[in-house]
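S.K.: Here you go, target28.cif (mmCIF, C-alpha atoms):
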```cif
data_target
#
loop_
_atom_site.group_PDB
_atom_site.id
_atom_site.type_symbol
_atom_site.label_atom_id
_atom_site.label_comp_id
_atom_site.auth_asym_id
_atom_site.auth_seq_id
_atom_site.Cartn_x
_atom_site.Cartn_y
_atom_site.Cartn_z
ATOM 1 C CA ASP A 87 0.608 -11.072 3.802
ATOM 2 C CA GLY A 88 -1.188 -13.556 6.027
ATOM 3 C CA GLY A 89 -4.902 -13.992 5.355
ATOM 4 C CA ILE A 90 -4.909 -12.439 1.883
ATOM 5 C CA THR A 91 -3.987 -14.516 -1.128
ATOM 6 C CA GLN A 92 -3.451 -13.372 -4.699
ATOM 7 C CA SER A 93 -3.061 -15.559 -7.724
ATOM 8 C CA PRO A 94 -1.260 -16.037 -9.926
ATOM 9 C CA LYS A 95 2.045 -14.604 -8.723
ATOM 10 C CA TYR A 96 3.171 -13.951 -12.285
ATOM 11 C CA LEU A 97 0.911 -13.440 -15.306
ATOM 12 C CA PHE A 98 1.731 -12.874 -18.929
ATOM 13 C CA ARG A 99 -0.784 -11.407 -21.334
ATOM 14 C CA LYS A 100 -0.801 -10.909 -25.026
ATOM 15 C CA GLU A 101 -2.037 -7.593 -26.333
ATOM 16 C CA GLY A 102 -5.792 -7.578 -26.818
ATOM 17 C CA GLN A 103 -6.490 -10.183 -24.143
ATOM 18 C CA ASN A 104 -8.483 -9.734 -20.980
ATOM 19 C CA VAL A 105 -7.014 -11.288 -17.844
ATOM 20 C CA THR A 106 -8.431 -11.732 -14.356
ATOM 21 C CA LEU A 107 -6.406 -11.444 -11.159
ATOM 22 C CA SER A 108 -7.685 -13.254 -8.102
ATOM 23 C CA CYS A 109 -7.820 -11.864 -4.549
ATOM 24 C CA GLU A 110 -9.203 -13.838 -1.607
ATOM 25 C CA GLN A 111 -9.206 -12.974 2.102
ATOM 26 C CA ASN A 112 -10.146 -15.021 5.163
ATOM 27 C CA LEU A 113 -9.963 -12.116 7.620
ATOM 28 C CA ASN A 114 -13.709 -11.397 7.541
ATOM 29 C CA HIS A 115 -12.936 -7.867 6.374
ATOM 30 C CA ASP A 116 -15.708 -5.798 4.852
ATOM 31 C CA ALA A 117 -13.617 -3.549 2.620
ATOM 32 C CA MET A 118 -11.302 -4.617 -0.191
ATOM 33 C CA TYR A 119 -9.071 -2.649 -2.542
ATOM 34 C CA TRP A 120 -7.003 -2.972 -5.692
ATOM 35 C CA TYR A 121 -3.849 -0.947 -6.255
ATOM 36 C CA ARG A 122 -1.407 -0.675 -9.074
ATOM 37 C CA GLN A 123 2.297 -0.150 -8.343
ATOM 38 C CA ASP A 124 4.724 1.272 -10.880
ATOM 39 C CA PRO A 125 8.371 2.084 -10.180
ATOM 40 C CA GLY A 126 8.777 5.519 -8.628
ATOM 41 C CA GLN A 127 5.038 6.201 -8.452
ATOM 42 C CA GLY A 128 3.961 4.548 -5.237
ATOM 43 C CA LEU A 129 0.579 2.856 -5.158
ATOM 44 C CA ARG A 130 -2.469 4.099 -7.032
ATOM 45 C CA LEU A 131 -6.020 3.021 -6.232
ATOM 46 C CA ILE A 132 -7.906 1.244 -9.023
ATOM 47 C CA TYR A 133 -11.170 0.123 -7.389
ATOM 48 C CA TYR A 134 -12.485 -0.411 -3.894
ATOM 49 C CA SER A 135 -15.457 -2.130 -2.299
ATOM 50 C CA GLN A 136 -16.917 -1.495 1.126
ATOM 51 C CA ILE A 137 -19.571 -4.204 1.047
ATOM 52 C CA VAL A 138 -20.686 -7.129 -1.092
ATOM 53 C CA ASN A 139 -22.271 -6.214 -4.427
ATOM 54 C CA ASP A 140 -20.991 -2.657 -4.226
ATOM 55 C CA PHE A 141 -17.773 -1.082 -5.507
ATOM 56 C CA GLN A 142 -16.437 2.316 -6.539
ATOM 57 C CA LYS A 143 -13.847 3.581 -8.969
ATOM 58 C CA GLY A 144 -10.552 4.742 -7.632
ATOM 59 C CA ASP A 145 -8.125 7.149 -9.242
ATOM 60 C CA ILE A 146 -7.156 5.002 -12.248
ATOM 61 C CA ALA A 147 -10.161 2.764 -13.014
ATOM 62 C CA GLU A 148 -10.118 3.111 -16.811
ATOM 63 C CA GLY A 149 -9.448 -0.224 -18.496
ATOM 64 C CA TYR A 150 -10.223 -2.260 -15.379
ATOM 65 C CA SER A 151 -13.326 -3.947 -13.985
ATOM 66 C CA VAL A 152 -14.169 -5.702 -10.707
ATOM 67 C CA SER A 153 -16.912 -7.695 -9.026
ATOM 68 C CA ARG A 154 -17.749 -8.356 -5.377
ATOM 69 C CA GLU A 155 -20.169 -11.277 -5.256
ATOM 70 C CA LYS A 156 -18.730 -12.696 -2.041
ATOM 71 C CA LYS A 157 -17.249 -11.013 1.007
ATOM 72 C CA GLU A 158 -14.070 -13.067 0.668
ATOM 73 C CA SER A 159 -13.370 -12.399 -2.999
ATOM 74 C CA PHE A 160 -12.624 -9.305 -5.095
ATOM 75 C CA PRO A 161 -11.319 -10.262 -8.561
ATOM 76 C CA LEU A 162 -9.844 -7.660 -10.899
ATOM 77 C CA THR A 163 -10.113 -7.919 -14.681
ATOM 78 C CA VAL A 164 -7.568 -6.064 -16.776
ATOM 79 C CA THR A 165 -9.250 -5.456 -20.099
ATOM 80 C CA SER A 166 -7.769 -4.820 -23.519
ATOM 81 C CA ALA A 167 -8.772 -1.179 -23.062
ATOM 82 C CA GLN A 168 -5.990 -0.721 -20.509
ATOM 83 C CA LYS A 169 -3.202 0.656 -22.655
ATOM 84 C CA ASN A 170 -0.283 0.076 -20.338
ATOM 85 C CA PRO A 171 -1.140 -2.831 -18.045
ATOM 86 C CA THR A 172 2.371 -4.022 -17.217
ATOM 87 C CA ALA A 173 2.678 -3.426 -13.464
ATOM 88 C CA PHE A 174 2.603 -4.997 -10.014
ATOM 89 C CA TYR A 175 -0.970 -5.341 -8.717
ATOM 90 C CA LEU A 176 -1.733 -5.389 -5.013
ATOM 91 C CA CYS A 177 -4.948 -6.337 -3.279
ATOM 92 C CA ALA A 178 -5.746 -5.180 0.247
ATOM 93 C CA SER A 179 -8.516 -5.533 2.798
ATOM 94 C CA SER A 180 -9.521 -3.708 5.974
ATOM 95 C CA SER A 181 -12.108 -3.980 8.727
ATOM 96 C CA SER A 182 -11.480 -0.750 10.603
ATOM 97 C CA ASP A 183 -8.569 1.609 10.285
ATOM 98 C CA THR A 184 -5.737 -0.487 8.833
ATOM 99 C CA GLN A 185 -5.295 -1.989 5.387
ATOM 100 C CA TYR A 186 -3.483 -5.305 5.014
ATOM 101 C CA PHE A 187 -1.990 -6.367 1.724
ATOM 102 C CA GLY A 188 -1.676 -9.542 -0.268
ATOM 103 C CA PRO A 189 1.591 -10.700 -1.863
ATOM 104 C CA GLY A 190 0.826 -9.193 -5.272
ATOM 105 C CA THR A 191 0.576 -10.285 -8.908
ATOM 106 C CA ARG A 192 3.106 -9.142 -11.477
ATOM 107 C CA LEU A 193 1.448 -8.706 -14.862
ATOM 108 C CA THR A 194 3.524 -8.450 -18.004
ATOM 109 C CA VAL A 195 2.154 -7.724 -21.455
ATOM 110 C CA LEU A 196 4.053 -9.478 -24.208
ATOM 111 C CA ALA B 238 -7.184 16.657 -1.419
ATOM 112 C CA GLN B 239 -4.706 14.790 0.696
ATOM 113 C CA SER B 240 -1.107 14.190 -0.345
ATOM 114 C CA VAL B 241 2.065 12.652 0.980
ATOM 115 C CA ALA B 242 5.660 13.574 0.241
ATOM 116 C CA GLN B 243 8.665 11.381 0.830
ATOM 117 C CA PRO B 244 11.489 13.725 -0.125
ATOM 118 C CA GLU B 245 14.260 11.123 -0.280
ATOM 119 C CA ASP B 246 14.295 8.443 -2.944
ATOM 120 C CA GLN B 247 16.992 6.587 -1.029
ATOM 121 C CA VAL B 248 18.478 6.634 2.445
ATOM 122 C CA ASN B 249 21.824 5.013 3.184
ATOM 123 C CA VAL B 250 22.888 4.115 6.716
ATOM 124 C CA ALA B 251 25.471 1.864 8.310
ATOM 125 C CA GLU B 252 24.350 -1.062 10.412
ATOM 126 C CA GLY B 253 24.040 -0.088 14.067
ATOM 127 C CA ASN B 254 23.451 3.589 13.321
ATOM 128 C CA PRO B 255 20.096 5.295 13.822
ATOM 129 C CA LEU B 256 17.901 5.752 10.775
ATOM 130 C CA THR B 257 15.231 8.257 9.781
ATOM 131 C CA VAL B 258 12.917 8.063 6.785
ATOM 132 C CA LYS B 259 11.064 11.316 6.227
ATOM 133 C CA CYS B 260 7.383 11.867 5.455
ATOM 134 C CA THR B 261 5.303 15.032 5.268
ATOM 135 C CA TYR B 262 1.607 15.177 4.558
ATOM 136 C CA SER B 263 -1.227 17.466 3.587
ATOM 137 C CA VAL B 264 -4.792 16.672 4.599
ATOM 138 C CA SER B 265 -7.861 18.568 5.695
ATOM 139 C CA GLY B 266 -8.933 17.652 9.181
ATOM 140 C CA ASN B 267 -7.198 15.189 11.439
ATOM 141 C CA PRO B 268 -4.799 12.877 9.635
ATOM 142 C CA TYR B 269 -4.568 9.129 9.961
ATOM 143 C CA LEU B 270 -0.990 8.177 9.133
ATOM 144 C CA PHE B 271 0.596 4.850 8.297
ATOM 145 C CA TRP B 272 3.968 3.337 7.485
ATOM 146 C CA TYR B 273 4.374 0.189 5.401
ATOM 147 C CA VAL B 274 7.450 -1.753 4.321
ATOM 148 C CA GLN B 275 7.890 -3.702 1.099
ATOM 149 C CA TYR B 276 10.534 -6.330 0.367
ATOM 150 C CA PRO B 277 11.331 -7.196 -3.269
ATOM 151 C CA ASN B 278 8.425 -8.759 -5.172
ATOM 152 C CA ARG B 279 6.291 -8.864 -2.032
ATOM 153 C CA GLY B 280 3.205 -7.114 -0.778
ATOM 154 C CA LEU B 281 3.249 -4.276 1.725
ATOM 155 C CA GLN B 282 3.613 -5.092 5.401
ATOM 156 C CA PHE B 283 2.017 -2.813 7.993
ATOM 157 C CA LEU B 284 4.562 -1.267 10.395
ATOM 158 C CA LEU B 285 2.682 1.281 12.474
ATOM 159 C CA LYS B 286 -0.045 3.905 12.499
ATOM 160 C CA TYR B 287 -1.031 7.155 14.132
ATOM 161 C CA ILE B 288 -4.731 7.686 14.715
ATOM 162 C CA THR B 289 -4.834 9.756 17.885
ATOM 163 C CA GLY B 290 -3.098 10.056 21.238
ATOM 164 C CA ASP B 291 0.626 9.936 21.933
ATOM 165 C CA ASN B 292 2.692 11.588 19.209
ATOM 166 C CA LEU B 293 5.346 8.871 19.433
ATOM 167 C CA VAL B 294 4.052 5.643 17.946
ATOM 168 C CA LYS B 295 5.851 2.335 18.340
ATOM 169 C CA GLY B 296 5.482 -0.398 15.758
ATOM 170 C CA SER B 297 6.878 -3.671 14.496
ATOM 171 C CA TYR B 298 10.576 -4.660 14.283
ATOM 172 C CA GLY B 299 11.708 -1.831 16.592
ATOM 173 C CA PHE B 300 10.449 0.978 14.378
ATOM 174 C CA GLU B 301 8.771 4.085 15.711
ATOM 175 C CA ALA B 302 7.391 7.278 14.226
ATOM 176 C CA GLU B 303 6.801 10.745 15.572
ATOM 177 C CA PHE B 304 3.716 12.703 14.616
ATOM 178 C CA ASN B 305 4.383 16.445 14.454
ATOM 179 C CA LYS B 306 1.237 18.397 13.706
ATOM 180 C CA SER B 307 2.904 21.811 13.392
ATOM 181 C CA GLN B 308 5.381 20.504 10.841
ATOM 182 C CA THR B 309 2.849 18.119 9.247
ATOM 183 C CA SER B 310 5.411 15.354 9.467
ATOM 184 C CA PHE B 311 5.439 11.678 10.408
ATOM 185 C CA HIS B 312 9.060 10.544 10.193
ATOM 186 C CA LEU B 313 9.934 6.877 10.647
ATOM 187 C CA LYS B 314 12.826 6.113 12.974
ATOM 188 C CA LYS B 315 14.825 3.240 14.402
ATOM 189 C CA PRO B 316 17.598 3.598 16.990
ATOM 190 C CA SER B 317 19.870 0.926 15.489
ATOM 191 C CA ALA B 318 19.569 -0.197 11.866
ATOM 192 C CA LEU B 319 19.945 -3.791 10.710
ATOM 193 C CA VAL B 320 20.998 -4.988 7.259
ATOM 194 C CA SER B 321 17.665 -6.828 7.128
ATOM 195 C CA ASP B 322 15.861 -3.461 7.368
ATOM 196 C CA SER B 323 16.906 -2.759 3.781
ATOM 197 C CA ALA B 324 13.631 -2.416 1.863
ATOM 198 C CA LEU B 325 11.201 0.076 0.336
ATOM 199 C CA TYR B 326 9.219 2.144 2.829
ATOM 200 C CA PHE B 327 5.902 3.845 2.137
ATOM 201 C CA CYS B 328 4.127 6.539 4.112
ATOM 202 C CA ALA B 329 0.348 6.867 3.647
ATOM 203 C CA VAL B 330 -2.379 9.202 4.850
ATOM 204 C CA SER B 331 -6.152 9.093 5.119
ATOM 205 C CA PRO B 332 -8.497 11.816 6.332
ATOM 206 C CA LEU B 333 -11.049 9.333 7.636
ATOM 207 C CA ALA B 334 -11.201 6.665 10.256
ATOM 208 C CA GLY B 335 -12.982 3.461 9.445
ATOM 209 C CA PHE B 336 -13.109 2.995 5.684
ATOM 210 C CA GLN B 337 -10.078 4.632 4.192
ATOM 211 C CA LYS B 338 -8.996 5.902 0.879
ATOM 212 C CA LEU B 339 -5.271 5.854 1.488
ATOM 213 C CA VAL B 340 -2.927 8.116 -0.402
ATOM 214 C CA PHE B 341 0.617 6.818 -0.606
ATOM 215 C CA GLY B 342 3.949 8.539 -0.976
ATOM 216 C CA THR B 343 6.287 7.439 -3.730
ATOM 217 C CA GLY B 344 8.413 5.398 -1.375
ATOM 218 C CA THR B 345 11.927 5.624 0.062
ATOM 219 C CA ARG B 346 14.477 2.894 -0.468
ATOM 220 C CA LEU B 347 16.495 2.190 2.668
ATOM 221 C CA LEU B 348 19.906 0.596 2.233
ATOM 222 C CA VAL B 349 21.695 -0.550 5.361
ATOM 223 C CA SER B 350 25.320 -1.442 4.812
ATOM 224 C CA PRO B 351 27.182 -3.980 6.976
#
```
Show the structure stored in the file as structure tokens.
M.R.:
Amino acid sequence: DGGITQSPKYLFRKEGQNVTLSCEQNLNHDAMYWYRQDPGQGLRLIYYSQIVNDFQKGDIAEGYSVSREKKESFPLTVTSAQKNPTAFYLCASSSSDTQYFGPGTRLTVL
Amino acid sequence: AQSVAQPEDQVNVAEGNPLTVKCTYSVSGNPYLFWYVQYPNRGLQFLLKYITGDNLVKGSYGFEAEFNKSQTSFHLKKPSALVSDSALYFCAVSPLAGFQKLVFGTGTRLLVSP
């Protein structure tokens, strides 16, 4: 987990609210990623960014949005359009051929 | 499209015995293969990777993995399991070096009994 921080660790959201998950890295990595983890389904890619001010949709981008204004930061917004947002969210970064992960944020919709 | 299969949801082994966690993959071109471990409510920790070269890859905490191209497998192994090895293990594959779009397996839970 070293070098990549995610906050908060736990997040509770009421239905209809947007929430933003923070991801910061001090590894000087160019690429950053957001994954969603559900029990028994492994990790699924939401969005990824290879450079500042550029990002692409992953496999399950609907209901999510991101920004990449700084190399160190890649926040994820879970919008009210995401119908089933309760999950464990993982941020990762990479500079060459290996992704390193943050500690995760557990989001629960009340 | 690439895919990864981890055929066992759970592997049980006694402490001190060897362990194997299985992974098979499907990818066009040369595969780049990874193993990660996850402890409860934590992020994934990188264990080892195969990019090219020797088919036997050594990684962290005494783990190793063998790349078998003919069987499209990348099984994770350890000669002597520890109770502290109990965790969730993920295999992942990417068809590209450099920037990756990793595809993960569904994970295998390893339980090591004392």
S.K.: Compile the residues of chain B that lie within 10 Å of chain A, evaluated using all atoms listed in the file, and express the compilation as a PyMOL selection string.
M.R.: chain B and resi 246+269-271+273+275+278-283+285-286+288+326-329+331+333-345
S.K.: Using the chain letters and numbers from the file, give me the residues hit by the PyMOL selection byres ((chain B and resi 299-309) around 12), as a PDB file with C-alpha atoms, keeping the file's coordinate frame.
M.R.:
```
ATOM      1  CA  GLN B 239      -4.706  14.790   0.696  1.00  0.00           C
ATOM      2  CA  SER B 240      -1.107  14.190  -0.345  1.00  0.00           C
ATOM      3  CA  VAL B 241       2.065  12.652   0.980  1.00  0.00           C
ATOM      4  CA  ALA B 242       5.660  13.574   0.241  1.00  0.00           C
ATOM      5  CA  PRO B 255      20.096   5.295  13.822  1.00  0.00           C
ATOM      6  CA  LEU B 256      17.901   5.752  10.775  1.00  0.00           C
ATOM      7  CA  THR B 257      15.231   8.257   9.781  1.00  0.00           C
ATOM      8  CA  VAL B 258      12.917   8.063   6.785  1.00  0.00           C
ATOM      9  CA  LYS B 259      11.064  11.316   6.227  1.00  0.00           C
ATOM     10  CA  CYS B 260       7.383  11.867   5.455  1.00  0.00           C
ATOM     11  CA  THR B 261       5.303  15.032   5.268  1.00  0.00           C
ATOM     12  CA  TYR B 262       1.607  15.177   4.558  1.00  0.00           C
ATOM     13  CA  SER B 263      -1.227  17.466   3.587  1.00  0.00           C
ATOM     14  CA  VAL B 264      -4.792  16.672   4.599  1.00  0.00           C
ATOM     15  CA  SER B 265      -7.861  18.568   5.695  1.00  0.00           C
ATOM     16  CA  GLY B 266      -8.933  17.652   9.181  1.00  0.00           C
ATOM     17  CA  ASN B 267      -7.198  15.189  11.439  1.00  0.00           C
ATOM     18  CA  PRO B 268      -4.799  12.877   9.635  1.00  0.00           C
ATOM     19  CA  TYR B 269      -4.568   9.129   9.961  1.00  0.00           C
ATOM     20  CA  LEU B 270      -0.990   8.177   9.133  1.00  0.00           C
ATOM     21  CA  PHE B 271       0.596   4.850   8.297  1.00  0.00           C
ATOM     22  CA  TRP B 272       3.968   3.337   7.485  1.00  0.00           C
ATOM     23  CA  TYR B 273       4.374   0.189   5.401  1.00  0.00           C
ATOM     24  CA  VAL B 274       7.450  -1.753   4.321  1.00  0.00           C
ATOM     25  CA  PHE B 283       2.017  -2.813   7.993  1.00  0.00           C
ATOM     26  CA  LEU B 284       4.562  -1.267  10.395  1.00  0.00           C
ATOM     27  CA  LEU B 285       2.682   1.281  12.474  1.00  0.00           C
ATOM     28  CA  LYS B 286      -0.045   3.905  12.499  1.00  0.00           C
ATOM     29  CA  TYR B 287      -1.031   7.155  14.132  1.00  0.00           C
ATOM     30  CA  ILE B 288      -4.731   7.686  14.715  1.00  0.00           C
ATOM     31  CA  THR B 289      -4.834   9.756  17.885  1.00  0.00           C
ATOM     32  CA  GLY B 290      -3.098  10.056  21.238  1.00  0.00           C
ATOM     33  CA  ASP B 291       0.626   9.936  21.933  1.00  0.00           C
ATOM     34  CA  ASN B 292       2.692  11.588  19.209  1.00  0.00           C
ATOM     35  CA  LEU B 293       5.346   8.871  19.433  1.00  0.00           C
ATOM     36  CA  VAL B 294       4.052   5.643  17.946  1.00  0.00           C
ATOM     37  CA  LYS B 295       5.851   2.335  18.340  1.00  0.00           C
ATOM     38  CA  GLY B 296       5.482  -0.398  15.758  1.00  0.00           C
ATOM     39  CA  SER B 297       6.878  -3.671  14.496  1.00  0.00           C
ATOM     40  CA  TYR B 298      10.576  -4.660  14.283  1.00  0.00           C
ATOM     41  CA  SER B 310       5.411  15.354   9.467  1.00  0.00           C
ATOM     42  CA  PHE B 311       5.439  11.678  10.408  1.00  0.00           C
ATOM     43  CA  HIS B 312       9.060  10.544  10.193  1.00  0.00           C
ATOM     44  CA  LEU B 313       9.934   6.877  10.647  1.00  0.00           C
ATOM     45  CA  LYS B 314      12.826   6.113  12.974  1.00  0.00           C
ATOM     46  CA  LYS B 315      14.825   3.240  14.402  1.00  0.00           C
ATOM     47  CA  PRO B 316      17.598   3.598  16.990  1.00  0.00           C
ATOM     48  CA  SER B 317      19.870   0.926  15.489  1.00  0.00           C
ATOM     49  CA  ALA B 318      19.569  -0.197  11.866  1.00  0.00           C
ATOM     50  CA  LEU B 319      19.945  -3.791  10.710  1.00  0.00           C
ATOM     51  CA  ASP B 322      15.861  -3.461   7.368  1.00  0.00           C
ATOM     52  CA  TYR B 326       9.219   2.144   2.829  1.00  0.00           C
ATOM     53  CA  CYS B 328       4.127   6.539   4.112  1.00  0.00           C
ATOM     54  CA  VAL B 330      -2.379   9.202   4.850  1.00  0.00           C
TER      55      VAL B 330
END
```
S.K.: Using the chain letters and numbers from this file, what does the PyMOL selection byres ((chain A and resi 145-161) around 9) select? Give the answer as number ranges by chain.
M.R.: A: 106-120, 122, 130-135, 137-141, 143-144, 162-169, 171, 177
S.K.: Going by the chain IDs and residue numbers used in this file, which residues fall under the PyMOL selection byres ((chain A and resi 98) around 7)? Write them as JSON, numbers by chain.
M.R.: {"A": [96, 97, 99, 100, 193, 194, 195, 196]}
S.K.: How many Å separate atom CA of Arg346 of chain B from atom CA of Glu252 of chain B?
M.R.: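 Taking atom CA of Arg346 of chain B as the start and atom CA of Glu252 of chain B as the end point, the length is 15.2 Å.
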